[in-house]
Amino acid sequence: MTSDKKRIARREFLAGSVVGAAMAARGGGAIVNLASVLSFRPGPVLGYGAAKAAVVNLTEALAVQWARKNVRVNAVAPGWTDTPFLRPKERGGARDLTPILNATPMGRLMQPSEIAEVIFFLLSPTASAVTGATVPCDGGVIAGSGWNPYGGFPDN
C-alpha cells in the first residue's frame with residue numbers, strides 16, 4: 001500500500017473513531033463510509049480495491065464497537081457512476097463505455113443522486129436497525145459477476 005493510501009486509511013479509521021466517540025457521547029448517530037464494488041470483486045486497480053475492501057472491514061468493526069452506544073456504521077458500495085471521471089467530454093478524450101455498460105446487468109451507469117438516496121436512507125431513523133452493512137449501489141454488477149461464462153445476462 002502506498003503512503004498516500006496508508007494516510008487515507010488511517011484518516012478513515014481515526015475519523016470513525018473520533019466521530020463515533022463524539023456521537024456516543026451525544027447519545028448516538030450514524031456514519032456511512034464509501035466502499036466500492038471493487039471491495040467484493042477484484043479488478044485491475046489493485047491498491048484501490050484492497051483499500052475499499054478495508055473500508056468494508058473497518059465499517060463492520062466500527063459498527064460492533066459503537067453498537068451499544070447507539071452509533072450505527074454502514075457503507076455504500078457504488079458501481080460505475082455517471083461522473084466527469086467517466087465522461088469523455090469532461091476528460092478531453094473519447095472513452096467507450098460499452099464494456100462498462102455490458103458488465104452492468106441494468107445496462108446503465110448509476111446516477112450520483114441514486115447513491116445519495118441510499119446514503120440518506122442509511123443516515124435516517126428509518127434504518128435504525130441497520131448497522132455493519134455494506135449496500136451495493138451498482139446496477140447489479142456484484143450479483144451478475146458470475147453470468148458472463150454462461151452467455152451473459154438474460155434479456156427477459
# chains A, B, ... in the order shown; residues from 1 in each chain; ligands from 1
$ residues_around --residues "Lys52 of chain A" --least-positions-apart "6" --cutoff "7 Å" --atoms "only C-alpha atoms" --output "list in words"
Ala35, Ser36, Leu38 and Ser39 of chain A
$ residues_around --residues "segment 115-129 of chain A" --least-positions-apart "3" --cutoff "7 Å" --atoms "only C-alpha atoms" --output "JSON, numbers by chain"
{"A": [30, 31, 32, 76, 78, 111, 112, 137]}
$ write_last_selection --atoms "N, CA and C atoms" --output "PDB file, in the first residue's frame"
ATOM      1  N   ALA A  30     -25.192   8.183  13.224  1.00  0.00           N
ATOM      2  CA  ALA A  30     -24.983   7.267  12.102  1.00  0.00           C
ATOM      3  C   ALA A  30     -23.827   7.754  11.243  1.00  0.00           C
ATOM      4  N   ILE A  31     -23.028   6.806  10.796  1.00  0.00           N
ATOM      5  CA  ILE A  31     -21.879   7.060   9.930  1.00  0.00           C
ATOM      6  C   ILE A  31     -22.062   6.199   8.687  1.00  0.00           C
ATOM      7  N   VAL A  32     -21.781   6.764   7.509  1.00  0.00           N
ATOM      8  CA  VAL A  32     -21.791   5.989   6.274  1.00  0.00           C
ATOM      9  C   VAL A  32     -20.446   6.170   5.585  1.00  0.00           C
ATOM     10  N   VAL A  76     -21.672   2.213   1.734  1.00  0.00           N
ATOM     11  CA  VAL A  76     -22.302   2.104   0.429  1.00  0.00           C
ATOM     12  C   VAL A  76     -21.199   1.719  -0.550  1.00  0.00           C
ATOM     13  N   PRO A  78     -20.722   1.871  -4.326  1.00  0.00           N
ATOM     14  CA  PRO A  78     -21.158   2.247  -5.670  1.00  0.00           C
ATOM     15  C   PRO A  78     -20.450   1.446  -6.750  1.00  0.00           C
ATOM     16  N   GLN A 111     -26.524   6.961 -11.174  1.00  0.00           N
ATOM     17  CA  GLN A 111     -26.531   8.415 -11.039  1.00  0.00           C
ATOM     18  C   GLN A 111     -26.087   8.785  -9.621  1.00  0.00           C
ATOM     19  N   PRO A 112     -25.302   9.854  -9.470  1.00  0.00           N
ATOM     20  CA  PRO A 112     -24.891  10.260  -8.122  1.00  0.00           C
ATOM     21  C   PRO A 112     -26.069  10.424  -7.164  1.00  0.00           C
ATOM     22  N   CYS A 137     -24.668  -0.290  -4.594  1.00  0.00           N
ATOM     23  CA  CYS A 137     -25.445   0.604  -5.471  1.00  0.00           C
ATOM     24  C   CYS A 137     -24.772   0.513  -6.831  1.00  0.00           C
TER      25      CYS A 137
END
$ atom_distance --atom1 "atom CA of Pro84 of chain A" --atom2 "atom CA of Leu109 of chain A"
12.2 Å
$ select_by_dssp --residues "chain A" --states "alpha helix (DSSP H)" --output "PyMOL selection string"
chain A and resi 3-25+46-66+88-91+98-102+112-123
$ closest_residue --among "A:Val64, A:Val141, A:Val37, A:Val130" --to "Leu101 of chain A" --atoms "only C-alpha atoms"
A:Val141
$ select_by_dssp --residues "chain A" --states "strand (DSSP E or B)" --output "NGL selection string"
:A and (29-34 or 71-78 or 81 or 110 or 134-137)
$ atom_distance --atom1 "atom CA of Ile142 of chain A" --atom2 "atom CA of Leu62 of chain A"
23.8 Å
$ residues_around --residues "Arg72 of chain A" --least-positions-apart "2" --cutoff "7 Å" --atoms "only C-alpha atoms" --output "ChimeraX atom specification"
/A:29-31,63,66-67,70,74,131
$ closest_residue --among "A:Gly79, A:Trp147, A:Gly152, A:Ala15" --to "Val135 of chain A" --atoms "only C-alpha atoms"
A:Gly79
$ atom_distance --atom1 "atom CA of Val71 of chain A" --atom2 "atom CA of Leu34 of chain A"
17.1 Å
